[in-house]
file query35.cif (mmCIF, C-alpha atoms and all ligand atoms)
data_run
#
loop_
_atom_site.group_PDB
_atom_site.id
_atom_site.type_symbol
_atom_site.label_atom_id
_atom_site.label_comp_id
_atom_site.auth_asym_id
_atom_site.auth_seq_id
_atom_site.Cartn_x
_atom_site.Cartn_y
_atom_site.Cartn_z
ATOM 1 C CA MET A 186 0.000 0.000 0.000
ATOM 2 C CA ASN A 187 1.388 3.373 -1.057
ATOM 3 C CA ASN A 188 0.576 6.084 1.520
ATOM 4 C CA LYS A 189 2.197 8.880 -0.459
ATOM 5 C CA ASN A 190 0.030 11.687 -1.863
ATOM 6 C CA PRO A 191 -1.041 11.112 -5.474
ATOM 7 C CA ILE A 192 0.162 13.392 -8.253
ATOM 8 C CA LEU A 193 -0.623 13.398 -11.979
ATOM 9 C CA VAL A 194 2.431 14.239 -14.101
ATOM 10 C CA HIS A 195 2.007 15.527 -17.617
ATOM 11 C CA ALA A 196 4.747 13.674 -19.535
ATOM 12 C CA CYS A 197 6.044 15.258 -22.744
ATOM 13 C CA CYS A 198 8.282 12.274 -23.540
ATOM 14 C CA ALA A 199 10.058 9.330 -21.902
ATOM 15 C CA SER A 200 13.423 11.034 -22.052
ATOM 16 C CA CYS A 201 12.378 14.006 -19.871
ATOM 17 C CA SER A 202 10.272 11.690 -17.676
ATOM 18 C CA SER A 203 13.271 9.431 -16.996
ATOM 19 C CA TYR A 204 14.465 12.032 -14.485
ATOM 20 C CA VAL A 205 11.222 13.717 -13.392
ATOM 21 C CA ILE A 206 9.178 10.618 -12.536
ATOM 22 C CA PRO A 207 11.757 8.858 -10.301
ATOM 23 C CA HIS A 208 12.510 12.222 -8.653
ATOM 24 C CA LEU A 209 8.821 12.726 -7.809
ATOM 25 C CA GLN A 210 8.379 9.092 -6.757
ATOM 26 C CA GLU A 211 10.609 9.845 -3.760
ATOM 27 C CA ILE A 212 7.747 11.947 -2.330
ATOM 28 C CA PHE A 213 4.564 11.172 -4.285
ATOM 29 C CA ASN A 214 2.484 8.338 -5.653
ATOM 30 C CA VAL A 215 2.982 9.201 -9.334
ATOM 31 C CA SER A 216 0.636 8.615 -12.263
ATOM 32 C CA ALA A 217 1.572 9.857 -15.736
ATOM 33 C CA PHE A 218 -0.546 11.538 -18.396
ATOM 34 C CA PHE A 219 0.610 11.557 -22.023
ATOM 35 C CA TYR A 220 -1.140 14.400 -23.803
ATOM 36 C CA ASN A 221 0.924 15.842 -26.633
ATOM 37 C CA PRO A 222 -1.128 16.717 -29.732
ATOM 38 C CA ASN A 223 1.719 19.065 -30.726
ATOM 39 C CA ILE A 224 3.900 16.200 -31.919
ATOM 40 C CA TYR A 225 4.485 15.908 -35.656
ATOM 41 C CA PRO A 226 4.527 13.722 -37.673
ATOM 42 C CA GLU A 227 2.267 10.973 -36.374
ATOM 43 C CA LYS A 228 5.022 8.351 -36.542
ATOM 44 C CA GLU A 229 7.036 10.528 -34.150
ATOM 45 C CA TYR A 230 3.993 10.705 -31.842
ATOM 46 C CA ILE A 231 3.724 6.907 -31.877
ATOM 47 C CA LEU A 232 7.449 6.534 -31.150
ATOM 48 C CA ARG A 233 7.282 8.906 -28.161
ATOM 49 C CA LEU A 234 4.139 7.208 -26.846
ATOM 50 C CA GLU A 235 5.648 3.710 -27.136
ATOM 51 C CA GLU A 236 8.768 4.856 -25.284
ATOM 52 C CA MET A 237 6.551 6.350 -22.576
ATOM 53 C CA LYS A 238 4.710 3.043 -22.179
ATOM 54 C CA PHE A 239 8.074 1.269 -21.846
ATOM 55 C CA LEU A 240 9.283 3.716 -19.172
ATOM 56 C CA CYS A 241 6.062 3.592 -17.151
ATOM 57 C CA LYS A 242 6.149 -0.203 -17.113
ATOM 58 C CA ARG A 243 9.729 -0.085 -15.894
ATOM 59 C CA LEU A 244 8.935 2.469 -13.162
ATOM 60 C CA ASN A 245 5.647 0.810 -12.215
ATOM 61 C CA VAL A 246 3.647 3.940 -13.003
ATOM 62 C CA ARG A 247 0.062 4.084 -14.226
ATOM 63 C CA LEU A 248 -0.123 5.798 -17.613
ATOM 64 C CA THR A 249 -3.204 7.561 -18.961
ATOM 65 C CA ILE A 250 -3.168 8.552 -22.625
ATOM 66 C CA GLY A 251 -4.911 11.704 -23.799
ATOM 67 C CA PRO A 252 -6.337 12.258 -27.289
ATOM 68 C CA TYR A 253 -4.088 13.042 -30.238
ATOM 69 C CA ASP A 254 -6.291 16.013 -31.137
ATOM 70 C CA THR A 255 -3.941 17.775 -33.513
ATOM 71 C CA SER A 256 -6.613 20.175 -34.774
ATOM 72 C CA THR A 257 -7.164 21.546 -31.236
ATOM 73 C CA TRP A 258 -3.432 22.162 -30.958
ATOM 74 C CA GLY A 259 -3.269 23.669 -34.457
ATOM 75 C CA LYS A 260 -6.041 26.153 -33.654
ATOM 76 C CA ALA A 261 -4.390 27.178 -30.361
ATOM 77 C CA VAL A 262 -1.032 28.042 -31.915
ATOM 78 C CA PHE A 263 -2.116 29.111 -35.416
ATOM 79 C CA PRO A 264 -2.068 32.894 -34.733
ATOM 80 C CA TYR A 265 1.553 32.568 -33.536
ATOM 81 C CA ARG A 266 2.807 30.019 -36.074
ATOM 82 C CA ASN A 267 5.367 32.428 -37.565
ATOM 83 C CA LEU A 268 6.927 33.265 -34.211
ATOM 84 C CA PRO A 269 10.069 31.368 -33.148
ATOM 85 C CA GLU A 270 10.497 28.779 -30.397
ATOM 86 C CA LYS A 271 10.112 30.167 -26.830
ATOM 87 C CA SER A 272 7.549 32.728 -28.079
ATOM 88 C CA LYS A 273 3.789 32.953 -27.487
ATOM 89 C CA ARG A 274 3.429 29.946 -29.791
ATOM 90 C CA CYS A 275 5.094 27.821 -27.137
ATOM 91 C CA TRP A 276 3.217 29.434 -24.228
ATOM 92 C CA GLU A 277 -0.084 28.466 -25.872
ATOM 93 C CA CYS A 278 1.290 24.971 -26.420
ATOM 94 C CA TYR A 279 2.248 24.658 -22.737
ATOM 95 C CA ASN A 280 -1.148 25.996 -21.659
ATOM 96 C CA LEU A 281 -3.132 23.550 -23.776
ATOM 97 C CA ARG A 282 -1.299 20.623 -22.215
ATOM 98 C CA LEU A 283 -1.387 22.049 -18.684
ATOM 99 C CA TYR A 284 -5.146 22.727 -18.749
ATOM 100 C CA LYS A 285 -5.865 19.259 -20.127
ATOM 101 C CA THR A 286 -3.717 17.685 -17.408
ATOM 102 C CA ALA A 287 -5.455 19.688 -14.677
ATOM 103 C CA GLU A 288 -8.829 18.628 -16.081
ATOM 104 C CA LYS A 289 -7.733 14.974 -16.162
ATOM 105 C CA ALA A 290 -6.379 15.143 -12.602
ATOM 106 C CA ALA A 291 -9.652 16.658 -11.348
ATOM 107 C CA ASN A 292 -11.639 13.924 -13.149
ATOM 108 C CA LEU A 293 -9.443 11.240 -11.588
ATOM 109 C CA GLY A 294 -9.857 12.802 -8.121
ATOM 110 C CA ILE A 295 -6.114 13.689 -7.945
ATOM 111 C CA GLU A 296 -5.570 17.057 -6.267
ATOM 112 C CA LEU A 297 -2.015 17.697 -7.428
ATOM 113 C CA PHE A 298 -0.480 17.882 -10.905
ATOM 114 C CA THR A 299 2.684 18.986 -12.637
ATOM 115 C CA THR A 300 4.559 18.681 -15.948
ATOM 116 C CA THR A 301 7.903 17.378 -17.152
ATOM 117 C CA LEU A 302 8.195 20.403 -19.461
ATOM 118 C CA SER A 303 10.327 22.420 -17.031
ATOM 119 C CA VAL A 304 13.211 19.912 -17.220
ATOM 120 C CA SER A 305 14.085 21.305 -20.658
ATOM 121 C CA PRO A 306 16.393 24.342 -20.872
ATOM 122 C CA HIS A 307 14.505 25.259 -24.077
ATOM 123 C CA LYS A 308 11.256 25.958 -22.197
ATOM 124 C CA ILE A 309 10.352 29.201 -20.427
ATOM 125 C CA TYR A 310 9.861 28.203 -16.805
ATOM 126 C CA LYS A 311 7.995 31.361 -15.809
ATOM 127 C CA ARG A 312 5.334 30.665 -18.471
ATOM 128 C CA ILE A 313 4.953 27.059 -17.365
ATOM 129 C CA GLU A 314 4.515 28.276 -13.795
ATOM 130 C CA GLU A 315 1.872 30.850 -14.825
ATOM 131 C CA GLY A 316 -0.018 28.336 -16.968
ATOM 132 C CA GLY A 317 0.133 25.648 -14.283
ATOM 133 C CA LYS A 318 -1.214 27.963 -11.588
ATOM 134 C CA ALA A 319 -4.012 29.275 -13.820
ATOM 135 C CA ALA A 320 -5.041 25.726 -14.824
ATOM 136 C CA ALA A 321 -4.993 24.646 -11.170
ATOM 137 C CA LYS A 322 -7.271 27.556 -10.258
ATOM 138 C CA ARG A 323 -9.777 26.650 -12.968
ATOM 139 C CA TYR A 324 -10.086 23.059 -11.721
ATOM 140 C CA ALA A 325 -9.706 23.877 -7.989
ATOM 141 C CA ILE A 326 -6.628 21.702 -7.570
ATOM 142 C CA THR A 327 -2.911 22.466 -6.938
ATOM 143 C CA PHE A 328 -0.003 22.830 -9.336
ATOM 144 C CA HIS A 329 3.238 21.308 -8.055
ATOM 145 C CA ASN A 330 5.509 24.141 -9.059
ATOM 146 C CA GLU A 331 9.038 22.849 -9.549
ATOM 147 C CA ASP A 332 11.746 23.747 -12.023
ATOM 148 C CA PHE A 333 13.001 20.244 -12.756
ATOM 149 C CA LYS A 334 16.095 21.392 -14.620
ATOM 150 C CA LYS A 335 17.571 22.494 -11.281
ATOM 151 C CA LYS A 336 19.743 20.031 -9.326
ATOM 152 C CA ASP A 337 21.134 18.817 -12.678
ATOM 153 C CA GLY A 338 17.712 17.459 -13.688
ATOM 154 C CA PHE A 339 18.324 18.000 -17.390
ATOM 155 C CA LYS A 340 21.809 16.448 -17.314
ATOM 156 C CA ILE A 341 20.481 13.419 -15.435
ATOM 157 C CA SER A 342 17.628 13.012 -17.940
ATOM 158 C CA VAL A 343 20.151 12.987 -20.828
ATOM 159 C CA LYS A 344 22.308 10.384 -19.063
ATOM 160 C CA ARG A 345 19.368 8.158 -18.119
ATOM 161 C CA SER A 346 17.743 8.325 -21.533
ATOM 162 C CA LYS A 347 21.036 7.149 -23.080
ATOM 163 C CA GLN A 348 21.258 4.295 -20.589
ATOM 164 C CA LEU A 349 17.679 3.252 -21.377
ATOM 165 C CA GLY A 350 18.139 3.591 -25.149
ATOM 166 C CA LEU A 351 15.487 6.322 -25.433
ATOM 167 C CA THR A 352 15.356 8.665 -28.411
ATOM 168 C CA ARG A 353 16.483 12.276 -27.979
ATOM 169 C CA GLN A 354 15.257 14.249 -30.977
ATOM 170 C CA ASP A 355 16.848 17.434 -32.239
ATOM 171 C CA TYR A 356 13.511 19.274 -32.364
ATOM 172 C CA CYS A 357 10.922 20.027 -29.690
ATOM 173 C CA GLY A 358 8.050 18.188 -31.333
ATOM 174 C CA CYS A 359 5.812 20.308 -33.550
ATOM 175 C CA ILE A 360 5.936 20.914 -37.295
ATOM 176 C CA TYR A 361 7.294 24.439 -36.758
ATOM 177 C CA SER A 362 10.123 23.283 -34.505
ATOM 178 C CA LEU A 363 10.929 20.534 -37.026
ATOM 179 C CA ARG A 364 11.271 23.143 -39.787
ATOM 180 C CA GLU A 365 13.378 25.378 -37.529
ATOM 181 C CA SER A 366 15.668 22.472 -36.735
ATOM 182 C CA GLN A 367 16.020 21.565 -40.431
ATOM 183 C CA GLU A 368 16.873 25.203 -41.224
ATOM 184 C CA ARG A 369 19.512 25.254 -38.464
ATOM 185 C CA ILE A 370 21.072 22.076 -39.826
ATOM 186 C CA SER A 371 21.165 23.314 -43.435
ATOM 187 C CA LYS A 372 22.645 26.702 -42.370
ATOM 188 C CA LYS A 373 25.322 24.864 -40.402
ATOM 189 C CA LYS A 374 26.132 22.730 -43.442
ATOM 190 C CA GLU A 375 26.316 25.833 -45.675
ATOM 191 C CA HIS A 376 28.623 27.498 -43.148
ATOM 192 C CA GLU A 377 30.852 24.413 -43.003
ATOM 193 C CA GLY A 378 30.909 24.371 -46.832
ATOM 194 C CA ASP A 379 31.979 28.056 -46.940
ATOM 195 C CA ALA A 380 34.744 27.443 -44.402
ATOM 196 C CA SER A 381 36.257 24.477 -46.289
HETATM 197 S S1 LIG B 401 8.437 24.381 -30.179
HETATM 198 FE FE1 LIG B 401 7.733 22.867 -28.654
HETATM 199 S S2 LIG B 401 6.670 24.050 -27.038
HETATM 200 FE FE2 LIG B 401 6.881 25.358 -28.882
HETATM 201 S S3 LIG B 401 4.960 25.104 -30.008
HETATM 202 FE FE3 LIG B 401 6.408 23.614 -30.850
HETATM 203 S S4 LIG B 401 6.090 21.719 -29.661
HETATM 204 FE FE4 LIG B 401 5.115 23.399 -28.543
#
call {"tool": "encode", "arguments": {"input": "query35.cif", "output": "structure tokens"}}
result
Amino acid sequence: MNNKNPILVHACCASCSSYVIPHLQEIFNVSAFFYNPNIYPEKEYILRLEEMKFLCKRLNVRLTIGPYDTSTWGKAVFPYRNLPEKSKRCWECYNLRLYKTAEKAANLGIELFTTTLSVSPHKIYKRIEEGGKAAAKRYAITFHNEDFKKKDGFKISVKRSKQLGLTRQDYCGCIYSLRESQERISKKKEHEGDAS
């Protein structure tokens, strides 16, 4: 019997979760929620979901899977689609996933929730914090407000994901971040070509 308080953790991927979930398991009875309609293309979504199932089995964590409602995500970020990563496009993307996780936690009778998103140095922690608190207020529950990249959280997640053979992609997840990553790679190649 686990007497620890329950928490629902929004999991963006197995790699980030490989640090966040064991870290939270020291204090809480953790369940995971995979809700990431931002991920493109669908085969990448399936890969990340399968890796999440593998990790949850290994950590003995219950996993709930949200809908892959890409049109809901597309509508939320569409006005900001031409803005770069870390802009309002991303804040809307965080919010969509945070509100859905808060709603799921409330439906499951879990009074505490959080997200793995803050383990990434590419995410704006302040915006995650704001979105988490606002979502918690709407559903009358509590947001566990922790910047998981602290205490070497990100470094540990990289090390663990290598040990577990998990994929670490070179883009955040959405079609826009994929394009941005491809542009970065081709500029780098052009630069290398100029230098040779
Ligand atoms: S870059 Fe990442 S956080 Fe930003 S909109 Fe795309 S998937 Fe969401």
call {"tool": "closest_residue", "arguments": {"input": "query35.cif", "among": "A:Tyr361, A:Ser371, A:Ala290, A:Met237", "to": "A:Val262", "atoms": "all atoms listed in the file"}}
result
A:Tyr361
call {"tool": "resolve_selection", "arguments": {"input": "query35.cif", "expression": "the PyMOL selection byres (((not hetatm)) within 9 of (chain B and resi 401))", "output": "VMD selection string"}}
result
chain A and resid 221 to 225 258 262 265 to 266 269 to 279 302 307 to 308 356 to 363 365
call {"tool": "resolve_selection", "arguments": {"input": "query35.cif", "expression": "the PyMOL selection byres (((chain A and resi 192) around 7) and not hetatm)", "output": "PDB file with C-alpha atoms, in the coordinates of the input"}}
result
ATOM      1  CA  ASN A 190       0.030  11.687  -1.863  1.00  0.00           C
ATOM      2  CA  PRO A 191      -1.041  11.112  -5.474  1.00  0.00           C
ATOM      3  CA  LEU A 193      -0.623  13.398 -11.979  1.00  0.00           C
ATOM      4  CA  VAL A 194       2.431  14.239 -14.101  1.00  0.00           C
ATOM      5  CA  PHE A 213       4.564  11.172  -4.285  1.00  0.00           C
ATOM      6  CA  ASN A 214       2.484   8.338  -5.653  1.00  0.00           C
ATOM      7  CA  VAL A 215       2.982   9.201  -9.334  1.00  0.00           C
ATOM      8  CA  SER A 216       0.636   8.615 -12.263  1.00  0.00           C
ATOM      9  CA  ILE A 295      -6.114  13.689  -7.945  1.00  0.00           C
ATOM     10  CA  LEU A 297      -2.015  17.697  -7.428  1.00  0.00           C
ATOM     11  CA  PHE A 298      -0.480  17.882 -10.905  1.00  0.00           C
TER      12      PHE A 298
END
call {"tool": "residues_around", "arguments": {"input": "query35.cif", "residues": "A:Phe218", "least_positions_apart": "3", "cutoff": "6 Å", "atoms": "all atoms listed in the file", "output": "list in words"}}
result
Val194, His195, Ala196, Leu248, Thr249 and Ile250 of chain A
call {"tool": "residues_near_point", "arguments": {"input": "query35.cif", "point": "(4.3, 27.5, -11.9)", "cutoff": "7 Å", "atoms": "all atoms listed in the file", "output": "PyMOL selection string"}}
result
chain A and resi 311+313-318+328+330
call {"tool": "write_last_selection", "arguments": {"input": "query35.cif", "atoms": "C-alpha atoms", "output": "mmCIF file, in the frame of the given file"}}
result
data_model
loop_
_atom_site.group_PDB
_atom_site.id
_atom_site.type_symbol
_atom_site.label_atom_id
_atom_site.label_comp_id
_atom_site.auth_asym_id
_atom_site.auth_seq_id
_atom_site.Cartn_x
_atom_site.Cartn_y
_atom_site.Cartn_z
ATOM 1 C CA LYS A 311 7.995 31.361 -15.809
ATOM 2 C CA ILE A 313 4.953 27.059 -17.365
ATOM 3 C CA GLU A 314 4.515 28.276 -13.795
ATOM 4 C CA GLU A 315 1.872 30.850 -14.825
ATOM 5 C CA GLY A 316 -0.018 28.336 -16.968
ATOM 6 C CA GLY A 317 0.133 25.648 -14.283
ATOM 7 C CA LYS A 318 -1.214 27.963 -11.588
ATOM 8 C CA PHE A 328 -0.003 22.830 -9.336
ATOM 9 C CA ASN A 330 5.509 24.141 -9.059
#
call {"tool": "residues_near_point", "arguments": {"input": "query35.cif", "point": "(11.2, 7.0, -11.4)", "cutoff": "10 Å", "atoms": "all atoms listed in the file", "output": "PyMOL selection string"}}
result
chain A and resi 202-211+215+240-241+243-246
call {"tool": "closest_residue", "arguments": {"input": "query35.cif", "among": "A:Gln348, A:Thr300, A:Arg353, A:Thr255", "to": "A:Phe333", "atoms": "all atoms listed in the file"}}
result
A:Thr300
call {"tool": "atom_distance", "arguments": {"input": "query35.cif", "atom1": "atom CA of A:Gly338", "atom2": "atom CA of A:Val304"}}
result
6.2 Å
call {"tool": "axis_aligned_box", "arguments": {"input": "query35.cif", "around": "stretch 238-250 of chain A", "padding_each_side": "6 Å", "output": "lines of an AutoDock Vina configuration file"}}
result
center_x = 3.3
center_y = 4.2
center_z = -17.4
size_x = 24.9
size_y = 20.8
size_z = 22.4
call {"tool": "closest_residue", "arguments": {"input": "query35.cif", "among": "A:Gln354, A:Glu235, A:Ser342, A:Ala217", "to": "A:Gln367", "atoms": "all atoms listed in the file"}}
result
A:Gln354
call {"tool": "atom_distance", "arguments": {"input": "query35.cif", "atom1": "atom CA of A:Asn267", "atom2": "atom CA of A:Asp355"}}
result
19.6 Å
call {"tool": "atom_distance", "arguments": {"input": "query35.cif", "atom1": "atom CA of A:Thr301", "atom2": "atom CA of A:Lys335"}}
result
12.4 Å
call {"tool": "closest_residue", "arguments": {"input": "query35.cif", "among": "A:Ile341, A:Ile231, A:Ile326, A:Ala380", "to": "A:Gly294", "atoms": "only C-alpha atoms"}}
result
A:Ile326
call {"tool": "closest_residue", "arguments": {"input": "query35.cif", "among": "A:Leu293, A:Ala320, A:Leu351, A:Leu232", "to": "A:Ser200", "atoms": "only C-alpha atoms"}}
result
A:Leu351
call {"tool": "build_atoms", "arguments": {"input": "query35.cif", "residues": "stretch 240-265 of chain A", "atoms": "N, CA and C atoms", "output": "short mmCIF file (atom, residue, chain, number, x, y, z; two decimals), keeping the file's coordinate frame"}}
result
data_model
loop_
_atom_site.label_atom_id
_atom_site.label_comp_id
_atom_site.auth_asym_id
_atom_site.auth_seq_id
_atom_site.Cartn_x
_atom_site.Cartn_y
_atom_site.Cartn_z
N LEU A 240 8.74 3.12 -20.41
CA LEU A 240 9.28 3.72 -19.17
C LEU A 240 8.33 3.51 -17.99
N CYS A 241 7.04 3.72 -18.24
CA CYS A 241 6.06 3.59 -17.15
C CYS A 241 6.01 2.15 -16.62
N LYS A 242 6.14 1.20 -17.53
CA LYS A 242 6.15 -0.20 -17.11
C LYS A 242 7.37 -0.44 -16.22
N ARG A 243 8.48 0.08 -16.65
CA ARG A 243 9.73 -0.08 -15.89
C ARG A 243 9.66 0.58 -14.52
N LEU A 244 9.01 1.73 -14.43
CA LEU A 244 8.94 2.47 -13.16
C LEU A 244 7.68 2.14 -12.36
N ASN A 245 6.89 1.21 -12.89
CA ASN A 245 5.65 0.81 -12.22
C ASN A 245 4.70 2.00 -11.99
N VAL A 246 4.49 2.74 -13.05
CA VAL A 246 3.65 3.94 -13.00
C VAL A 246 2.43 3.76 -13.90
N ARG A 247 1.27 4.16 -13.39
CA ARG A 247 0.06 4.08 -14.23
C ARG A 247 0.10 5.20 -15.28
N LEU A 248 -0.17 4.81 -16.52
CA LEU A 248 -0.12 5.80 -17.61
C LEU A 248 -1.52 5.98 -18.20
N THR A 249 -1.96 7.23 -18.28
CA THR A 249 -3.20 7.56 -18.96
C THR A 249 -2.83 8.30 -20.24
N ILE A 250 -3.51 7.95 -21.33
CA ILE A 250 -3.17 8.55 -22.62
C ILE A 250 -4.30 9.48 -23.07
N GLY A 251 -3.93 10.72 -23.34
CA GLY A 251 -4.91 11.70 -23.80
C GLY A 251 -5.13 11.58 -25.30
N PRO A 252 -6.08 12.33 -25.85
CA PRO A 252 -6.34 12.26 -27.29
C PRO A 252 -5.24 12.93 -28.10
N TYR A 253 -5.05 12.42 -29.31
CA TYR A 253 -4.09 13.04 -30.24
C TYR A 253 -4.88 14.02 -31.11
N ASP A 254 -5.40 15.07 -30.45
CA ASP A 254 -6.29 16.01 -31.14
C ASP A 254 -5.48 17.16 -31.75
N THR A 255 -4.87 16.83 -32.87
CA THR A 255 -3.94 17.77 -33.51
C THR A 255 -4.65 19.06 -33.97
N SER A 256 -5.94 18.96 -34.30
CA SER A 256 -6.61 20.18 -34.77
C SER A 256 -6.81 21.17 -33.62
N THR A 257 -7.04 20.66 -32.41
CA THR A 257 -7.16 21.55 -31.24
C THR A 257 -5.84 22.28 -31.03
N TRP A 258 -4.76 21.54 -31.12
CA TRP A 258 -3.43 22.16 -30.96
C TRP A 258 -3.19 23.18 -32.08
N GLY A 259 -3.50 22.79 -33.31
CA GLY A 259 -3.27 23.67 -34.46
C GLY A 259 -4.01 24.99 -34.31
N LYS A 260 -5.25 24.92 -33.83
CA LYS A 260 -6.04 26.15 -33.65
C LYS A 260 -5.43 27.03 -32.56
N ALA A 261 -4.95 26.41 -31.50
CA ALA A 261 -4.39 27.18 -30.36
C ALA A 261 -3.15 27.97 -30.77
N VAL A 262 -2.31 27.37 -31.61
CA VAL A 262 -1.03 28.04 -31.92
C VAL A 262 -1.04 28.77 -33.26
N PHE A 263 -2.09 28.56 -34.05
CA PHE A 263 -2.12 29.11 -35.42
C PHE A 263 -1.79 30.62 -35.49
N PRO A 264 -2.37 31.45 -34.62
CA PRO A 264 -2.07 32.89 -34.73
C PRO A 264 -0.58 33.21 -34.52
N TYR A 265 0.14 32.30 -33.89
CA TYR A 265 1.55 32.57 -33.54
C TYR A 265 2.52 31.67 -34.30
#
